[in-house]
file my_file.txt (compact mmCIF, C-alpha atoms)
# COMPACT_ATOMS: atom_id res chain seq x y z
CA MET A 1 117.14 85.21 77.80
CA LEU A 2 113.44 84.46 77.78
CA GLU A 3 111.39 87.48 78.83
CA ILE A 4 107.70 86.93 79.54
CA ARG A 5 105.00 89.50 80.20
CA CYS A 6 102.09 88.43 82.37
CA SER A 7 99.03 90.49 83.26
CA GLY A 8 95.49 90.10 84.53
CA THR A 9 94.10 88.05 87.39
CA PRO A 10 96.38 85.79 89.44
CA TYR A 11 95.23 82.78 87.41
CA GLU A 12 95.76 84.60 84.11
CA ILE A 13 99.23 85.72 85.19
CA GLY A 14 100.11 82.16 86.11
CA PHE A 15 98.64 80.69 82.94
CA THR A 16 100.72 83.02 80.77
CA HIS A 17 103.84 82.22 82.80
CA GLY A 18 103.21 78.50 82.42
CA LYS A 19 102.40 78.62 78.72
CA LEU A 20 105.33 80.81 77.68
CA ALA A 21 107.94 79.22 79.95
CA LYS A 22 106.78 75.59 79.79
CA GLU A 23 110.10 74.12 78.62
CA LYS A 24 112.10 76.03 81.22
CA ILE A 25 109.66 75.06 84.00
CA GLU A 26 110.13 71.43 82.98
CA GLY A 27 113.87 72.07 83.11
CA SER A 28 113.57 73.50 86.64
CA ILE A 29 111.62 70.46 87.81
CA ASN A 30 114.11 68.06 86.27
CA PHE A 31 116.98 69.97 87.87
CA TYR A 32 115.46 69.74 91.36
CA LYS A 33 114.43 66.12 90.84
CA GLN A 34 118.07 65.28 90.20
CA LEU A 35 119.36 67.51 92.97
CA PHE A 36 117.10 66.10 95.68
CA HIS A 37 117.92 62.57 94.52
CA GLU A 38 121.68 63.08 94.50
CA SER A 39 121.94 65.19 97.66
CA CYS A 40 119.20 63.71 99.84
CA SER A 41 118.38 60.34 98.24
CA LEU A 42 114.79 61.55 97.88
CA SER A 43 112.58 60.55 95.00
CA TRP A 44 110.48 63.30 93.42
CA ALA A 45 107.39 61.51 94.72
CA GLU A 46 108.72 61.98 98.25
CA VAL A 47 109.41 65.66 97.53
CA LEU A 48 105.83 66.09 96.31
CA GLN A 49 104.57 64.40 99.44
CA GLU A 50 106.48 66.97 101.49
CA ALA A 51 105.02 69.77 99.35
CA SER A 52 101.46 68.52 99.85
CA ARG A 53 101.77 69.08 103.59
CA TYR A 54 101.92 72.86 103.01
CA PHE A 55 98.86 73.26 100.80
CA GLU A 56 96.15 73.81 103.43
CA ILE A 57 98.31 76.21 105.44
CA LEU A 58 99.26 78.27 102.39
CA LYS A 59 95.64 78.38 101.27
CA ASP A 60 94.91 80.30 104.47
CA ILE A 61 97.86 82.72 104.44
CA THR A 62 98.58 83.29 100.71
CA PRO A 63 95.59 82.08 98.65
CA ARG A 64 96.33 84.45 95.76
CA TYR A 65 99.78 82.99 95.17
CA LEU A 66 98.32 79.47 95.11
CA VAL A 67 95.84 80.60 92.44
CA GLU A 68 98.77 81.90 90.39
CA ILE A 69 100.63 78.61 90.89
CA ASN A 70 97.49 76.79 89.72
CA GLY A 71 97.53 79.00 86.62
CA ILE A 72 101.18 78.09 85.96
CA SER A 73 100.23 74.44 86.31
CA SER A 74 97.40 74.79 83.78
CA GLY A 75 99.40 76.89 81.31
CA ALA A 76 102.35 74.51 81.34
CA ASP A 77 100.20 71.36 81.63
CA ILE A 78 102.27 70.25 84.61
CA PRO A 79 100.73 68.93 87.86
CA PHE A 80 100.02 71.55 90.52
CA LEU A 81 102.14 69.87 93.20
CA ASP A 82 105.21 69.97 90.96
CA ILE A 83 104.88 73.76 90.64
CA LEU A 84 104.18 74.14 94.36
CA ALA A 85 107.29 72.09 95.15
CA LEU A 86 109.41 74.46 93.03
CA ASN A 87 108.06 77.46 94.93
CA ILE A 88 108.66 75.97 98.39
CA ARG A 89 111.81 74.03 97.64
CA SER A 90 113.67 76.06 100.29
CA GLU A 91 111.09 75.17 102.96
CA ILE A 92 111.21 71.48 101.99
CA THR A 93 114.97 71.69 102.40
CA PHE A 94 114.69 73.43 105.79
CA GLY A 95 112.16 70.86 106.95
CA LEU A 96 114.51 68.00 106.11
CA PHE A 97 117.49 69.78 107.65
CA SER A 98 115.57 70.51 110.88
CA ASP A 99 113.63 67.27 111.35
CA LYS A 100 116.36 64.82 110.34
CA PRO A 101 119.66 66.64 110.86
CA LYS A 102 121.84 63.54 110.78
CA GLU A 103 120.46 62.24 107.49
CA PHE A 104 120.31 65.61 105.75
CA THR A 105 123.45 67.52 106.67
CA ASN A 106 124.23 68.21 103.01
CA VAL A 107 120.86 69.42 101.77
CA PRO A 108 121.62 71.92 99.00
CA THR A 109 120.77 75.60 98.86
CA ASP A 110 121.97 78.53 96.80
CA GLY A 111 124.42 81.21 97.91
CA CYS A 112 124.99 84.85 96.96
CA THR A 113 126.67 88.18 97.81
CA SER A 114 124.40 91.22 98.11
CA LEU A 115 124.86 94.96 98.51
CA GLY A 116 122.55 97.89 99.17
CA TRP A 117 124.18 101.30 98.90
CA LEU A 118 122.67 104.75 99.36
CA THR A 119 125.06 107.30 97.86
CA GLY A 120 124.77 111.04 97.61
CA SER A 121 122.41 110.88 94.64
CA LYS A 122 121.58 107.22 94.01
CA ALA A 123 120.22 104.15 95.75
CA PHE A 124 121.71 100.90 94.45
CA LEU A 125 120.58 97.34 95.18
CA CYS A 126 122.77 94.56 93.81
CA GLN A 127 123.78 90.95 94.08
CA THR A 128 125.34 87.91 92.51
CA TRP A 129 123.11 84.83 92.43
CA ASP A 130 125.20 81.70 92.86
CA TRP A 131 123.75 78.28 92.14
CA ARG A 132 124.44 75.12 90.18
CA VAL A 133 125.38 75.73 86.55
CA GLU A 134 122.82 73.14 85.49
CA GLN A 135 119.97 75.49 86.51
CA SER A 136 121.25 78.41 84.44
CA PRO A 137 119.22 77.54 81.29
CA ASN A 138 116.01 77.70 83.35
CA LEU A 139 116.29 81.35 84.39
CA ILE A 140 113.79 83.83 82.95
CA ILE A 141 112.89 87.50 83.24
CA CYS A 142 109.26 87.89 84.26
CA HIS A 143 107.24 91.12 84.02
CA ILE A 144 103.95 91.17 85.95
CA ALA A 145 101.08 93.66 85.85
CA GLN A 146 98.06 93.24 88.15
CA PRO A 147 95.58 95.94 87.12
CA ASP A 148 92.85 94.69 89.43
CA LEU A 149 95.08 95.12 92.48
CA ASP A 150 96.50 98.31 93.94
CA VAL A 151 100.10 97.13 93.62
CA PRO A 152 103.06 98.23 91.44
CA ASN A 153 104.13 96.41 88.30
CA ILE A 154 106.99 93.95 88.78
CA THR A 155 110.14 92.98 86.89
CA MET A 156 112.15 90.08 88.28
CA VAL A 157 114.74 87.47 87.41
CA THR A 158 113.43 84.12 88.55
CA GLU A 159 113.74 80.40 88.11
CA ALA A 160 110.99 79.39 85.70
CA GLY A 161 107.85 78.46 87.61
CA ILE A 162 108.67 80.45 90.77
CA VAL A 163 106.37 83.38 91.56
CA GLY A 164 108.79 85.60 93.52
CA LYS A 165 112.54 86.18 93.22
CA ILE A 166 115.03 89.02 92.66
CA GLY A 167 114.06 92.32 91.05
CA PHE A 168 112.22 95.61 91.46
CA ASN A 169 108.90 97.29 90.79
CA SER A 170 107.46 100.43 89.19
CA ASN A 171 107.64 102.26 92.53
CA GLY A 172 111.38 101.64 92.69
CA VAL A 173 111.15 99.01 95.45
CA GLY A 174 113.57 96.12 95.01
CA CYS A 175 114.74 92.97 96.74
CA CYS A 176 117.73 90.66 96.82
CA LEU A 177 118.13 87.27 98.49
CA ASN A 178 120.86 85.49 100.43
CA ALA A 179 120.24 81.89 101.41
CA ILE A 180 120.88 81.15 105.09
CA ARG A 181 120.74 77.59 106.34
CA CYS A 182 119.62 77.35 109.95
CA ARG A 183 117.45 74.80 111.70
CA GLY A 184 113.81 75.53 112.36
CA LEU A 185 110.72 75.82 110.20
CA ASP A 186 107.36 77.48 110.90
CA PRO A 187 104.96 76.59 108.06
CA SER A 188 102.40 79.12 109.33
CA LYS A 189 104.67 81.89 107.98
CA LEU A 190 105.60 82.95 104.44
CA PRO A 191 107.81 80.70 102.30
CA ILE A 192 110.88 82.73 101.32
CA HIS A 193 109.87 83.09 97.65
CA PHE A 194 106.41 84.27 98.68
CA ALA A 195 108.08 86.80 100.98
CA LEU A 196 110.11 88.09 98.02
CA ARG A 197 106.92 88.47 95.98
CA THR A 198 105.37 90.35 98.91
CA VAL A 199 108.28 92.81 98.82
CA LEU A 200 107.90 93.23 95.06
CA GLU A 201 104.23 94.12 95.53
CA SER A 202 105.04 96.81 98.10
CA LYS A 203 104.83 100.55 97.47
CA SER A 204 107.86 101.49 99.59
CA ARG A 205 110.75 100.01 101.54
CA GLU A 206 108.90 100.84 104.74
CA ASP A 207 105.77 99.01 103.57
CA ALA A 208 107.81 95.99 102.49
CA VAL A 209 109.63 95.72 105.81
CA ARG A 210 106.36 96.07 107.70
CA SER A 211 104.67 93.35 105.63
CA VAL A 212 107.47 90.81 105.98
CA GLN A 213 107.76 91.42 109.72
CA SER A 214 104.01 91.12 110.16
CA LEU A 215 103.66 87.86 108.21
CA GLY A 216 106.98 86.32 109.22
CA VAL A 217 109.14 83.95 107.18
CA ALA A 218 109.00 80.19 107.50
CA GLY A 219 112.74 79.52 107.55
CA GLY A 220 116.18 81.06 107.21
CA GLY A 221 117.14 83.70 104.67
CA HIS A 222 118.26 87.29 104.26
CA ILE A 223 116.05 89.59 102.20
CA LEU A 224 117.63 92.88 101.24
CA VAL A 225 114.90 95.46 100.64
CA GLY A 226 115.52 98.84 99.03
CA ASP A 227 113.98 101.92 97.47
CA ALA A 228 115.17 105.42 96.62
CA THR A 229 115.56 106.18 100.35
CA GLY A 230 118.04 103.36 101.01
CA SER A 231 118.17 99.70 102.04
CA THR A 232 117.19 97.50 104.97
CA GLY A 233 118.43 93.97 105.51
CA LEU A 234 115.92 91.50 106.92
CA GLU A 235 117.52 88.52 108.61
CA CYS A 236 114.80 85.89 108.72
CA THR A 237 114.51 82.69 110.72
CA SER A 238 111.48 80.68 111.78
CA LEU A 239 111.62 82.62 115.08
CA TYR A 240 112.03 86.22 113.97
CA VAL A 241 112.63 88.86 111.31
CA LYS A 242 115.36 91.29 112.43
CA GLU A 243 116.33 94.54 110.71
CA LEU A 244 119.90 95.18 109.61
CA PRO A 245 120.22 98.95 109.05
CA MET A 246 122.55 100.82 106.73
CA ASP A 247 125.99 101.56 108.13
CA ASN A 248 127.56 105.02 108.31
CA GLU A 249 128.50 104.77 104.64
CA GLY A 250 124.94 104.01 103.58
CA ARG A 251 125.66 100.33 102.92
CA VAL A 252 124.08 97.00 103.78
CA CYS A 253 126.37 94.11 102.85
CA HIS A 254 125.42 90.46 103.26
CA THR A 255 126.41 86.92 102.32
CA ASN A 256 125.18 83.53 103.61
CA HIS A 257 125.28 83.63 107.40
CA LEU A 258 123.46 85.55 110.13
CA ILE A 259 125.22 88.77 111.15
CA LEU A 260 122.92 89.99 113.94
CA ASP A 261 122.51 88.30 117.32
CA LYS A 262 121.24 84.78 116.71
CA SER A 263 120.53 83.63 120.26
CA GLY A 264 118.27 80.60 120.19
CA VAL A 265 119.00 79.81 116.52
CA ASP A 266 121.02 76.76 115.48
CA GLU A 267 123.04 77.84 112.44
CA PRO A 268 125.93 75.55 111.52
CA LEU A 269 128.28 77.33 109.11
CA TRP A 270 127.60 75.69 105.73
CA LEU A 271 129.60 77.95 103.41
CA GLU A 272 133.01 78.53 104.94
CA ASP A 273 133.67 81.34 102.47
CA SER A 274 130.63 83.37 103.59
CA PRO A 275 132.48 85.42 106.27
CA SER A 276 135.41 86.11 103.96
CA ARG A 277 133.13 87.25 101.11
CA LEU A 278 131.34 89.58 103.51
CA ALA A 279 134.64 91.09 104.65
CA ARG A 280 135.77 91.36 101.04
CA ILE A 281 132.74 93.26 99.73
CA ARG A 282 132.97 95.64 102.68
CA GLU A 283 136.64 96.21 101.86
CA LEU A 284 136.06 96.72 98.14
CA THR A 285 133.21 99.17 98.62
CA SER A 286 135.23 101.16 101.15
CA HIS A 287 137.71 101.99 98.37
CA ILE A 288 135.08 103.59 96.11
CA SER A 289 134.71 107.28 96.83
CA GLU A 290 132.05 107.97 94.18
CA PRO A 291 129.85 104.88 93.67
CA THR A 292 128.36 104.39 90.21
CA ALA A 293 126.59 101.42 88.67
CA ASP A 294 129.71 100.61 86.63
CA ALA A 295 132.03 100.84 89.65
CA ILE A 296 129.74 98.57 91.66
CA PHE A 297 129.56 96.03 88.84
CA GLU A 298 133.38 95.85 88.87
CA ILE A 299 133.26 94.79 92.54
CA PHE A 300 131.31 91.67 91.63
CA LYS A 301 134.13 90.58 89.28
CA ASP A 302 136.38 89.99 92.30
CA THR A 303 138.05 86.56 92.48
CA GLU A 304 139.86 86.69 95.83
CA GLY A 305 139.39 83.25 97.38
CA TYR A 306 138.69 81.63 93.98
CA PRO A 307 136.76 79.48 93.24
CA SER A 308 134.62 80.38 96.30
CA SER A 309 134.93 84.09 95.62
CA ILE A 310 132.34 86.84 95.13
CA ASN A 311 132.67 85.98 91.43
CA ARG A 312 132.13 82.29 92.02
CA LYS A 313 133.14 79.33 89.88
CA GLN A 314 131.71 75.81 90.07
CA ASP A 315 135.06 74.09 90.43
CA ALA A 316 137.18 72.27 93.01
CA GLY A 317 135.55 72.89 96.42
CA SER A 318 132.81 75.17 95.09
CA LYS A 319 129.52 73.48 94.21
CA ALA A 320 127.96 76.63 92.75
CA GLN A 321 128.74 79.38 90.27
CA THR A 322 127.59 82.95 89.73
CA LEU A 323 124.69 82.54 87.30
CA PHE A 324 123.71 86.19 87.12
CA THR A 325 124.62 89.58 88.56
CA ILE A 326 122.09 92.37 88.92
CA VAL A 327 122.80 96.03 89.68
CA MET A 328 119.58 97.98 90.29
CA ASP A 329 119.44 101.76 90.37
CA LEU A 330 116.28 102.25 92.38
CA THR A 331 116.42 106.02 92.00
CA SER A 332 116.00 105.78 88.25
CA LYS A 333 114.02 102.50 88.43
CA SER A 334 116.41 100.67 86.13
CA ALA A 335 118.73 97.68 86.27
CA ARG A 336 121.52 95.91 84.46
CA VAL A 337 121.55 92.12 84.54
CA VAL A 338 124.36 89.97 83.17
CA PHE A 339 123.91 86.22 82.85
CA GLY A 340 126.95 84.10 83.57
CA ARG A 341 129.96 85.03 85.67
CA PRO A 342 130.51 88.81 85.51
CA THR A 343 133.95 88.27 83.95
CA GLU A 344 132.64 85.93 81.23
CA TYR A 345 128.95 86.63 80.83
CA SER A 346 126.91 85.34 77.93
CA GLU A 347 124.19 87.98 77.82
CA GLN A 348 123.35 91.43 79.18
CA VAL A 349 119.82 92.79 79.66
CA LEU A 350 118.85 96.33 80.59
CA LEU A 351 115.57 96.74 82.48
CA ALA A 352 113.63 99.91 83.28
CA PHE A 353 110.23 101.34 84.17

call {"tool": "encode", "arguments": {"input": "my_file.txt", "output": "structure tokens"}}
result
Amino acid sequence: MLEIRCSGTPYEIGFTHGKLAKEKIEGSINFYKQLFHESCSLSWAEVLQEASRYFEILKDITPRYLVEINGISSGADIPFLDILALNIRSEITFGLFSDKPKEFTNVPTDGCTSLGWLTGSKAFLCQTWDWRVEQSPNLIICHIAQPDLDVPNITMVTEAGIVGKIGFNSNGVGCCLNAIRCRGLDPSKLPIHFALRTVLESKSREDAVRSVQSLGVAGGGHILVGDATGSTGLECTSLYVKELPMDNEGRVCHTNHLILDKSGVDEPLWLEDSPSRLARIRELTSHISEPTADAIFEIFKDTEGYPSSINRKQDAGSKAQTLFTIVMDLTSKSARVVFGRPTEYSEQVLLAF
């Protein structure tokens, strides 16, 4: 697994990212070119045209992230709009799904199963990340240090070229992501990957929740935020960010549909297995009396409902597969990541601050 270490100004961070991960960024772009063409009959030129509509708005609300994206563009010698399109691919998808629902009922998005669990002595934050197998070679581990800013250092697993994804920071603040496909897009709010980066730059769970609620999120998604004090789920739509608190067992479980009241939100069920995976992870965790990182990892091996199980396989009716599983121990500021399905993974990486 490619690990890159980026530090300095936003441009310098981006330039290093682009230079060191150039081939994988090209792979990410080629993957999404093909995906948008096959799923939406959109040329990449049309995708870039959609991306260009967001530039002026993002320059006002998140200028620093655009500088970093410009650095990635320069370091990789790839046009800026291509990198921007990678970073807002979810918002482009939501825009198509909302504006032209009849033409774009099958726009693709990734799925996952996530878990936050505050035990007697530990705070865990975990998930599977399920997406097309073809994107697996383009995953990287990215470490970021921003000495000129008063923010923690970051370690995340991301798709090459994307500035915010799944991981944790040197303060022990972490985030996970569940895709949620609902209609509605507000481009004046944070793209979902920028919201994840915002969490990763936060000093506490409380600060992260406050920042995301203040800035809002452009479209649908669930961001699971955690630190040593526990976890908070943030169900995001273009209309609101709602908090999902820990249950009586200290857990927050989530898959790919809205759990809280969704009055006023149009959310057709797009992954029929999402409710069953949610019920399954709640059931499996209820049987663990003393949660440990190893015991939690075993949960993510579950194949009930195969191939559309927690441990997902791209086969038959399932269009995605578990590409990595991460179990973060936010108390000790460490994580275990396995790449591939958790029952047949190709590589394991241990991360720590």

call {"tool": "atom_distance", "arguments": {"input": "my_file.txt", "atom1": "CA of Leu35 (chain A)", "atom2": "CA of Ile61 (chain A)"}}
result
28.7 Å

call {"tool": "closest_residue", "arguments": {"input": "my_file.txt", "among": "A:Ser231, A:Thr158, A:Ile140, A:Ile88", "to": "Val217 (chain A)", "atoms": "only C-alpha atoms"}}
result
A:Ile88

call {"tool": "residues_around", "arguments": {"input": "my_file.txt", "residues": "His17 (chain A)", "least_positions_apart": "5", "cutoff": "12 Å", "atoms": "all atoms listed in the file", "output": "PyMOL selection string"}}
result
chain A and resi 2-8+10-12+22-25+68-77+83+140-144+158-163

call {"tool": "residues_around", "arguments": {"input": "my_file.txt", "residues": "region 325-335 of chain A", "least_positions_apart": "6", "cutoff": "10 Å", "atoms": "all atoms listed in the file", "output": "PyMOL selection string"}}
result
chain A and resi 112-118+121-130+155+157+166-176+226-230+292-294+296-297+300-301+311+341-342+345+348-353

call {"tool": "write_last_selection", "arguments": {"input": "my_file.txt", "atoms": "C-alpha atoms", "output": "PDB file, keeping the file's coordinate frame"}}
result
ATOM      1  CA  CYS A 112     124.990  84.850  96.960  1.00  0.00           C
ATOM      2  CA  THR A 113     126.670  88.180  97.810  1.00  0.00           C
ATOM      3  CA  SER A 114     124.400  91.220  98.110  1.00  0.00           C
ATOM      4  CA  LEU A 115     124.860  94.960  98.510  1.00  0.00           C
ATOM      5  CA  GLY A 116     122.550  97.890  99.170  1.00  0.00           C
ATOM      6  CA  TRP A 117     124.180 101.300  98.900  1.00  0.00           C
ATOM      7  CA  LEU A 118     122.670 104.750  99.360  1.00  0.00           C
ATOM      8  CA  SER A 121     122.410 110.880  94.640  1.00  0.00           C
ATOM      9  CA  LYS A 122     121.580 107.220  94.010  1.00  0.00           C
ATOM     10  CA  ALA A 123     120.220 104.150  95.750  1.00  0.00           C
ATOM     11  CA  PHE A 124     121.710 100.900  94.450  1.00  0.00           C
ATOM     12  CA  LEU A 125     120.580  97.340  95.180  1.00  0.00           C
ATOM     13  CA  CYS A 126     122.770  94.560  93.810  1.00  0.00           C
ATOM     14  CA  GLN A 127     123.780  90.950  94.080  1.00  0.00           C
ATOM     15  CA  THR A 128     125.340  87.910  92.510  1.00  0.00           C
ATOM     16  CA  TRP A 129     123.110  84.830  92.430  1.00  0.00           C
ATOM     17  CA  ASP A 130     125.200  81.700  92.860  1.00  0.00           C
ATOM     18  CA  THR A 155     110.140  92.980  86.890  1.00  0.00           C
ATOM     19  CA  VAL A 157     114.740  87.470  87.410  1.00  0.00           C
ATOM     20  CA  ILE A 166     115.030  89.020  92.660  1.00  0.00           C
ATOM     21  CA  GLY A 167     114.060  92.320  91.050  1.00  0.00           C
ATOM     22  CA  PHE A 168     112.220  95.610  91.460  1.00  0.00           C
ATOM     23  CA  ASN A 169     108.900  97.290  90.790  1.00  0.00           C
ATOM     24  CA  SER A 170     107.460 100.430  89.190  1.00  0.00           C
ATOM     25  CA  ASN A 171     107.640 102.260  92.530  1.00  0.00           C
ATOM     26  CA  GLY A 172     111.380 101.640  92.690  1.00  0.00           C
ATOM     27  CA  VAL A 173     111.150  99.010  95.450  1.00  0.00           C
ATOM     28  CA  GLY A 174     113.570  96.120  95.010  1.00  0.00           C
ATOM     29  CA  CYS A 175     114.740  92.970  96.740  1.00  0.00           C
ATOM     30  CA  CYS A 176     117.730  90.660  96.820  1.00  0.00           C
ATOM     31  CA  GLY A 226     115.520  98.840  99.030  1.00  0.00           C
ATOM     32  CA  ASP A 227     113.980 101.920  97.470  1.00  0.00           C
ATOM     33  CA  ALA A 228     115.170 105.420  96.620  1.00  0.00           C
ATOM     34  CA  THR A 229     115.560 106.180 100.350  1.00  0.00           C
ATOM     35  CA  GLY A 230     118.040 103.360 101.010  1.00  0.00           C
ATOM     36  CA  THR A 292     128.360 104.390  90.210  1.00  0.00           C
ATOM     37  CA  ALA A 293     126.590 101.420  88.670  1.00  0.00           C
ATOM     38  CA  ASP A 294     129.710 100.610  86.630  1.00  0.00           C
ATOM     39  CA  ILE A 296     129.740  98.570  91.660  1.00  0.00           C
ATOM     40  CA  PHE A 297     129.560  96.030  88.840  1.00  0.00           C
ATOM     41  CA  PHE A 300     131.310  91.670  91.630  1.00  0.00           C
ATOM     42  CA  LYS A 301     134.130  90.580  89.280  1.00  0.00           C
ATOM     43  CA  ASN A 311     132.670  85.980  91.430  1.00  0.00           C
ATOM     44  CA  ARG A 341     129.960  85.030  85.670  1.00  0.00           C
ATOM     45  CA  PRO A 342     130.510  88.810  85.510  1.00  0.00           C
ATOM     46  CA  TYR A 345     128.950  86.630  80.830  1.00  0.00           C
ATOM     47  CA  GLN A 348     123.350  91.430  79.180  1.00  0.00           C
ATOM     48  CA  VAL A 349     119.820  92.790  79.660  1.00  0.00           C
ATOM     49  CA  LEU A 350     118.850  96.330  80.590  1.00  0.00           C
ATOM     50  CA  LEU A 351     115.570  96.740  82.480  1.00  0.00           C
ATOM     51  CA  ALA A 352     113.630  99.910  83.280  1.00  0.00           C
ATOM     52  CA  PHE A 353     110.230 101.340  84.170  1.00  0.00           C
TER      53      PHE A 353
END

call {"tool": "closest_residue", "arguments": {"input": "my_file.txt", "among": "A:Leu139, A:Leu244, A:Ala195, A:Ala21", "to": "Val337 (chain A)", "atoms": "all atoms listed in the file"}}
result
A:Leu139

call {"tool": "atom_distance", "arguments": {"input": "my_file.txt", "atom1": "CA of Ile13 (chain A)", "atom2": "CA of Val67 (chain A)"}}
result
9.5 Å

call {"tool": "atom_distance", "arguments": {"input": "my_file.txt", "atom1": "CA of Phe55 (chain A)", "atom2": "CA of Thr93 (chain A)"}}
result
16.3 Å

call {"tool": "residues_near_point", "arguments": {"input": "my_file.txt", "point": "(123.0, 79.0, 104.6)", "cutoff": "6 Å", "atoms": "all atoms listed in the file", "output": "ChimeraX atom specification"}}
result
/A:179-181,256-257,270
